[in-house]
$ cat coords-v1.csv   # CSV, C-alpha atoms
chain,number,residue,atom,x,y,z
A,1,MET,CA,25.2,25.9,16.0
A,2,ALA,CA,25.3,23.7,12.8
A,3,ASP,CA,22.4,21.3,12.2
A,4,GLN,CA,23.7,17.8,12.8
A,5,THR,CA,20.5,16.0,11.6
A,6,PRO,CA,21.4,13.2,9.2
A,7,VAL,CA,20.2,13.6,5.6
A,8,THR,CA,19.1,10.6,3.5
A,9,ASN,CA,17.2,9.9,0.3
A,10,ASP,CA,15.2,7.1,1.9
A,11,LEU,CA,11.6,7.9,0.9
A,12,THR,CA,10.6,4.4,2.0
A,13,THR,CA,11.4,5.0,5.6
A,14,LEU,CA,9.6,8.4,5.5
A,15,LEU,CA,6.4,6.7,4.1
A,16,GLU,CA,6.7,3.8,6.6
A,17,LYS,CA,6.6,6.4,9.5
A,18,ILE,CA,3.3,7.8,8.3
A,19,LYS,CA,1.5,4.6,7.0
A,20,ASP,CA,-0.6,4.3,10.1
A,21,VAL,CA,-1.4,8.0,10.6
A,22,ARG,CA,-4.9,8.6,9.3
A,23,ILE,CA,-5.1,12.4,9.5
A,24,ALA,CA,-2.5,14.9,8.1
A,25,MET,CA,-2.6,18.6,8.5
A,26,LEU,CA,-2.3,20.2,5.1
A,27,THR,CA,-0.8,23.7,5.0
A,28,THR,CA,-1.3,25.9,1.9
A,29,THR,CA,-0.9,29.6,1.3
A,30,ASP,CA,-4.1,31.6,0.9
A,31,GLU,CA,-4.8,34.7,-1.2
A,32,ASP,CA,-3.4,37.0,1.5
A,33,HIS,CA,-0.2,35.0,1.6
A,34,SER,CA,-1.1,33.6,5.0
A,35,LEU,CA,-0.5,30.0,5.9
A,36,ARG,CA,-3.7,28.0,6.3
A,37,SER,CA,-3.9,24.4,7.7
A,38,ARG,CA,-6.7,21.9,7.7
A,39,PRO,CA,-7.0,18.2,8.4
A,40,MET,CA,-7.0,15.7,5.5
A,41,PHE,CA,-7.8,12.0,5.5
A,42,THR,CA,-4.6,10.2,4.3
A,43,GLN,CA,-4.9,7.7,1.5
A,44,LYS,CA,-2.2,5.3,0.5
A,45,PRO,CA,0.7,6.7,-1.5
A,46,ASP,CA,0.7,6.1,-5.2
A,47,GLY,CA,3.4,4.0,-7.0
A,48,SER,CA,5.8,7.0,-7.2
A,49,GLY,CA,5.5,7.8,-3.4
A,50,ALA,CA,3.3,10.8,-3.9
A,51,LEU,CA,0.6,11.3,-1.2
A,52,LEU,CA,-3.0,11.3,-2.3
A,53,PHE,CA,-6.1,12.8,-0.8
A,54,LEU,CA,-9.8,13.1,-1.9
A,55,THR,CA,-11.2,16.7,-1.7
A,56,ASP,CA,-14.0,18.8,-3.1
A,57,LYS,CA,-13.2,20.6,-6.3
A,58,GLU,CA,-14.8,23.8,-4.9
A,59,SER,CA,-12.7,23.8,-1.7
A,60,ALA,CA,-10.4,26.7,-0.9
A,61,LYS,CA,-7.4,24.3,-0.9
A,62,VAL,CA,-7.9,23.5,-4.6
A,63,TYR,CA,-7.9,27.2,-5.5
A,64,GLU,CA,-4.9,27.8,-3.2
A,65,VAL,CA,-2.7,25.0,-4.7
A,66,LYS,CA,-3.5,26.3,-8.2
A,67,LYS,CA,-2.1,29.7,-7.2
A,68,ASP,CA,0.8,28.3,-5.2
A,69,SER,CA,1.5,24.5,-5.4
A,70,GLN,CA,4.0,24.5,-2.5
A,71,VAL,CA,2.4,22.8,0.5
A,72,ASN,CA,3.4,21.2,3.8
A,73,LEU,CA,1.9,18.1,5.4
A,74,SER,CA,2.3,17.4,9.1
A,75,PHE,CA,1.7,13.9,10.6
A,76,ALA,CA,1.6,13.1,14.3
A,77,ASN,CA,1.1,9.8,16.1
A,78,PRO,CA,1.4,10.7,19.8
A,79,GLU,CA,0.7,7.1,20.8
A,80,SER,CA,3.9,5.9,19.2
A,81,ASN,CA,5.8,9.3,19.4
A,82,VAL,CA,6.2,9.5,15.6
A,83,TYR,CA,6.1,13.0,14.0
A,84,VAL,CA,6.7,13.8,10.3
A,85,SER,CA,6.8,16.9,8.3
A,86,VAL,CA,6.6,16.7,4.5
A,87,SER,CA,7.1,19.5,1.9
A,88,GLY,CA,6.1,19.1,-1.7
A,89,ARG,CA,4.1,20.3,-4.6
A,90,ALA,CA,0.4,19.7,-4.9
A,91,ASN,CA,-2.0,19.6,-7.8
A,92,ALA,CA,-5.7,18.8,-7.9
A,93,TYR,CA,-7.4,16.9,-10.7
A,94,ARG,CA,-10.2,14.5,-11.5
A,95,ASP,CA,-9.4,10.8,-12.3
A,96,GLN,CA,-12.4,8.5,-11.9
A,97,ALA,CA,-10.3,5.3,-12.1
A,98,LYS,CA,-8.1,6.5,-9.2
A,99,ILE,CA,-11.1,7.8,-7.2
A,100,ASN,CA,-12.7,4.3,-7.6
A,101,GLU,CA,-9.5,2.8,-6.3
A,102,LEU,CA,-9.2,5.1,-3.3
A,103,TRP,CA,-12.9,5.2,-2.4
A,104,ASN,CA,-14.2,3.8,0.8
A,105,GLU,CA,-17.7,4.1,2.2
A,106,SER,CA,-16.6,6.4,5.1
A,107,MET,CA,-16.0,9.1,2.5
A,108,ARG,CA,-19.7,9.3,1.8
A,109,ALA,CA,-20.0,11.7,4.8
A,110,TRP,CA,-18.2,14.3,2.6
A,111,PHE,CA,-19.4,13.1,-0.7
A,112,PRO,CA,-23.0,11.9,-0.4
A,113,GLY,CA,-23.2,11.1,-4.1
A,114,GLY,CA,-20.7,8.3,-3.6
A,115,LYS,CA,-17.6,7.7,-5.6
A,116,ASP,CA,-19.3,9.0,-8.8
A,117,ASP,CA,-19.9,12.4,-7.2
A,118,PRO,CA,-18.5,14.9,-9.8
A,119,SER,CA,-17.3,17.2,-7.1
A,120,ILE,CA,-14.6,14.7,-6.0
A,121,TYR,CA,-11.0,15.7,-6.9
A,122,ILE,CA,-7.7,14.1,-6.1
A,123,LEU,CA,-5.2,16.2,-4.3
A,124,LYS,CA,-1.8,14.8,-5.1
A,125,VAL,CA,1.3,15.9,-3.2
A,126,GLU,CA,4.6,15.0,-4.8
A,127,ILE,CA,7.2,15.0,-1.9
A,128,ASP,CA,10.3,17.1,-2.3
A,129,LYS,CA,11.6,16.6,1.2
A,130,GLY,CA,10.6,15.6,4.7
A,131,GLU,CA,11.8,15.2,8.2
A,132,TYR,CA,10.8,12.7,10.9
A,133,TRP,CA,11.2,12.3,14.6
A,134,ASP,CA,10.6,8.8,16.1
A,135,THR,CA,11.0,8.8,19.8
A,136,PRO,CA,10.6,5.5,21.5
A,137,SER,CA,8.0,5.9,24.2
A,138,SER,CA,8.9,3.0,26.4
A,139,VAL,CA,9.6,3.5,30.1
A,140,LEU,CA,12.8,1.6,29.6
A,141,THR,CA,14.1,4.0,26.9
A,142,ARG,CA,13.2,7.0,29.0
A,143,ALA,CA,14.8,5.4,32.0
A,144,TYR,CA,18.0,4.7,30.1
A,145,ALA,CA,18.2,8.4,29.0
A,146,TYR,CA,17.7,9.5,32.6
A,147,VAL,CA,20.3,7.2,34.1
A,148,ARG,CA,22.8,8.1,31.4
A,149,ALA,CA,22.3,11.8,32.2
A,150,LEU,CA,22.7,11.2,35.9
A,151,ALA,CA,25.9,9.1,35.4
A,152,THR,CA,27.6,11.4,32.9
A,153,GLY,CA,26.3,14.7,34.0
A,154,GLU,CA,25.4,15.4,30.4
A,155,ARG,CA,22.2,15.6,28.5
A,156,SER,CA,21.4,12.4,26.7
A,157,LYS,CA,22.2,12.7,23.0
A,158,ALA,CA,19.1,12.6,20.9
A,159,ASP,CA,20.6,9.9,18.8
A,160,ASP,CA,20.8,7.6,21.8
A,161,VAL,CA,17.0,7.4,22.1
A,162,ASN,CA,15.5,9.1,19.1
A,163,GLU,CA,15.5,8.4,15.4
A,164,HIS,CA,15.6,11.7,13.5
A,165,ALA,CA,16.4,12.4,9.9
A,166,LYS,CA,15.8,14.7,6.9
A,167,VAL,CA,14.8,13.1,3.6
A,168,ASN,CA,15.6,14.8,0.3
A,169,VAL,CA,13.6,13.2,-2.5
A,170,GLN,CA,14.7,15.5,-5.4

$ encode --input "coords-v1.csv" --output "C-alpha cells"
Amino acid sequence: MADQTPVTNDLTTLLEKIKDVRIAMLTTTDEDHSLRSRPMFTQKPDGSGALLFLTDKESAKVYEVKKDSQVNLSFANPESNVYVSVSGRANAYRDQAKINELWNESMRAWFPGGKDDPSIYILKVEIDKGEYWDTPSSVLTRAYAYVRALATGERSKADDVNEHAKVNVQ
C-alpha cells in the first residue's frame, strides 16, 4: 500500500504545531549504535527554524552528536492531540550571547552557576524533515467520524478529521 501522506515544504506549520510543547524527546545513537532518548526542554527556534536546547557540555548527548549528528525529536501534546516527529542534524557548541538570550531562571535547577556557568552548551538541531499528526479532540469531531462510518459502512478517512503531513525542509 502506497503512502498517501501529503508532503509539503511548510516549515512554518511544523513549528507552529510544536510551539506550545515544552518537552521534546531527543533520540541519538550511542557508542553501541543503539538508539537513546531523553527529555529536553524546548527553547524557541532560531531565525532559520533550527531548534535550540541548553545542555551540559559533559552530557552523553554532546558526545553522541559529535559521533553521529543525525537525531530525532518527538513532540507530543495529548491535551490537543498534536504529535510531531522531526529528523535533523545536531551540533553542540558554546555561544554566550545566545545562552543569555535563551536563559530563564528555571534553568538554574540544571545549571546552578546561572547563565554564566561554563558547562552550558547549546544543542542546535537543524531540521531536515518532519511529520505531524493533528487530530481534533472535540466530541463533535469524533461524533462526525462515527456517524459517517455508520452511514457509509466505511472507515472514516483520516483526512476527514485529521491533519497529517510530511514536511521536507531540504

$ closest_residue --input "coords-v1.csv" --among "A:Val84, A:Leu54, A:Leu102, A:Ala109" --to "Tyr121 in chain A" --atoms "all atoms listed in the file"
A:Leu54

$ closest_residue --input "coords-v1.csv" --among "A:Glu16, A:Asp134, A:Asp46, A:Glu163" --to "Glu79 in chain A" --atoms "only C-alpha atoms"
A:Asp134

$ closest_residue --input "coords-v1.csv" --among "A:Thr28, A:Arg94, A:Trp103, A:Gln70" --to "Thr42 in chain A" --atoms "all atoms listed in the file"
A:Trp103

$ closest_residue --input "coords-v1.csv" --among "A:Asp68, A:Leu15, A:Pro45, A:Gly153" --to "Asp32 in chain A" --atoms "only C-alpha atoms"
A:Asp68

$ residues_around --input "coords-v1.csv" --residues "Asp10 in chain A" --least-positions-apart "5" --cutoff "8 Å" --atoms "all atoms listed in the file" --output "PyMOL selection string"
chain A and resi 167-169

$ residues_near_point --input "coords-v1.csv" --point "(2.9, 12.5, -7.8)" --cutoff "9 Å" --atoms "all atoms listed in the file" --output "PyMOL selection string"
chain A and resi 45-52+89-91+124-127

$ closest_residue --input "coords-v1.csv" --among "A:Thr12, A:Asn104, A:Ser74, A:Ser59" --to "Trp133 in chain A" --atoms "only C-alpha atoms"
A:Ser74

$ closest_residue --input "coords-v1.csv" --among "A:Ser34, A:Asn100, A:Asn81, A:Asn9" --to "Thr135 in chain A" --atoms "only C-alpha atoms"
A:Asn81

$ residues_around --input "coords-v1.csv" --residues "Ser119 in chain A" --least-positions-apart "3" --cutoff "12 Å" --atoms "all atoms listed in the file" --output "PyMOL selection string"
chain A and resi 54-59+62+92-96+99+110-116+122

$ residues_around --input "coords-v1.csv" --residues "Val21 in chain A" --least-positions-apart "3" --cutoff "8 Å" --atoms "all atoms listed in the file" --output "list of chain:residue names"
A:Ile18, A:Ala24, A:Thr42, A:Phe75, A:Ala76, A:Asn77

$ residues_around --input "coords-v1.csv" --residues "Asn72 in chain A" --least-positions-apart "3" --cutoff "8 Å" --atoms "all atoms listed in the file" --output "PyMOL selection string"
chain A and resi 26-28+85-88

$ residues_near_point --input "coords-v1.csv" --point "(9.5, 11.5, 7.1)" --cutoff "6 Å" --atoms "only C-alpha atoms" --output "PyMOL selection string"
chain A and resi 14+84+130-132

$ atom_distance --input "coords-v1.csv" --atom1 "CA of Lys129 in chain A" --atom2 "CA of Lys166 in chain A"
7.3 Å

$ atom_distance --input "coords-v1.csv" --atom1 "CA of Leu123 in chain A" --atom2 "CA of Val7 in chain A"
27.4 Å

$ atom_distance --input "coords-v1.csv" --atom1 "CA of His164 in chain A" --atom2 "CA of Lys17 in chain A"
11.2 Å

$ decode --input "coords-v1.csv" --residues "range 18-43 of chain A" --atoms "N, CA, C and O atoms" --output "compact mmCIF listing (two decimals), in the first residue's frame"
# COMPACT_ATOMS: atom_id res chain seq x y z
N ILE A 18 4.49 22.71 17.25
CA ILE A 18 5.26 22.39 18.44
C ILE A 18 5.51 23.59 19.35
O ILE A 18 6.12 23.44 20.40
N LYS A 19 5.02 24.77 18.98
CA LYS A 19 5.36 25.98 19.74
C LYS A 19 4.95 25.93 21.21
O LYS A 19 5.61 26.54 22.04
N ASP A 20 3.91 25.19 21.55
CA ASP A 20 3.46 25.12 22.94
C ASP A 20 3.88 23.84 23.66
O ASP A 20 3.51 23.64 24.81
N VAL A 21 4.65 22.98 22.98
CA VAL A 21 5.10 21.73 23.61
C VAL A 21 6.43 22.02 24.29
O VAL A 21 7.41 22.35 23.63
N ARG A 22 6.46 21.93 25.59
CA ARG A 22 7.65 22.33 26.35
C ARG A 22 8.74 21.26 26.38
O ARG A 22 9.92 21.58 26.53
N ILE A 23 8.37 20.00 26.29
CA ILE A 23 9.36 18.92 26.38
C ILE A 23 9.36 18.11 25.10
O ILE A 23 8.31 17.71 24.60
N ALA A 24 10.56 17.87 24.57
CA ALA A 24 10.74 17.01 23.41
C ALA A 24 11.59 15.82 23.85
O ALA A 24 12.43 15.95 24.75
N MET A 25 11.38 14.69 23.23
CA MET A 25 12.25 13.54 23.45
C MET A 25 13.29 13.54 22.33
O MET A 25 12.95 13.45 21.15
N LEU A 26 14.56 13.69 22.72
CA LEU A 26 15.67 13.71 21.78
C LEU A 26 16.24 12.30 21.68
O LEU A 26 16.60 11.71 22.70
N THR A 27 16.34 11.78 20.46
CA THR A 27 16.91 10.45 20.24
C THR A 27 18.22 10.60 19.48
O THR A 27 18.28 11.23 18.43
N THR A 28 19.26 10.00 20.06
CA THR A 28 20.59 9.97 19.46
C THR A 28 21.00 8.50 19.32
O THR A 28 20.30 7.60 19.77
N THR A 29 22.17 8.30 18.73
CA THR A 29 22.74 6.96 18.63
C THR A 29 23.95 6.89 19.55
O THR A 29 24.85 7.73 19.46
N ASP A 30 23.97 5.91 20.44
CA ASP A 30 25.09 5.81 21.39
C ASP A 30 26.25 5.03 20.79
O ASP A 30 26.20 4.61 19.62
N GLU A 31 27.30 4.82 21.59
CA GLU A 31 28.51 4.18 21.08
C GLU A 31 28.29 2.73 20.64
O GLU A 31 29.07 2.19 19.86
N ASP A 32 27.22 2.09 21.12
CA ASP A 32 26.89 0.72 20.71
C ASP A 32 25.93 0.70 19.52
O ASP A 32 25.41 -0.35 19.17
N HIS A 33 25.68 1.87 18.94
CA HIS A 33 24.75 2.04 17.82
C HIS A 33 23.30 1.76 18.21
O HIS A 33 22.48 1.43 17.36
N SER A 34 23.02 1.87 19.50
CA SER A 34 21.65 1.74 19.99
C SER A 34 21.02 3.13 20.04
O SER A 34 21.71 4.13 20.24
N LEU A 35 19.72 3.19 19.87
CA LEU A 35 19.01 4.45 19.98
C LEU A 35 18.81 4.78 21.44
O LEU A 35 18.50 3.90 22.25
N ARG A 36 18.98 6.06 21.77
CA ARG A 36 18.85 6.50 23.15
C ARG A 36 18.04 7.79 23.16
O ARG A 36 18.38 8.73 22.45
N SER A 37 16.99 7.84 23.98
CA SER A 37 16.13 9.02 24.04
C SER A 37 16.14 9.60 25.44
O SER A 37 16.24 8.87 26.43
N ARG A 38 16.00 10.94 25.48
CA ARG A 38 15.89 11.62 26.76
C ARG A 38 15.11 12.90 26.57
O ARG A 38 15.07 13.47 25.48
N PRO A 39 14.45 13.38 27.66
CA PRO A 39 13.66 14.60 27.55
C PRO A 39 14.55 15.84 27.50
O PRO A 39 15.59 15.89 28.15
N MET A 40 14.11 16.81 26.72
CA MET A 40 14.82 18.09 26.59
C MET A 40 13.79 19.20 26.67
O MET A 40 12.71 19.11 26.08
N PHE A 41 14.15 20.29 27.37
CA PHE A 41 13.28 21.45 27.46
C PHE A 41 13.42 22.26 26.18
O PHE A 41 14.51 22.67 25.80
N THR A 42 12.32 22.47 25.49
CA THR A 42 12.32 23.14 24.20
C THR A 42 12.46 24.66 24.35
O THR A 42 11.73 25.28 25.11
N GLN A 43 13.42 25.22 23.64
CA GLN A 43 13.59 26.66 23.56
C GLN A 43 12.92 27.11 22.26
O GLN A 43 12.51 26.30 21.44
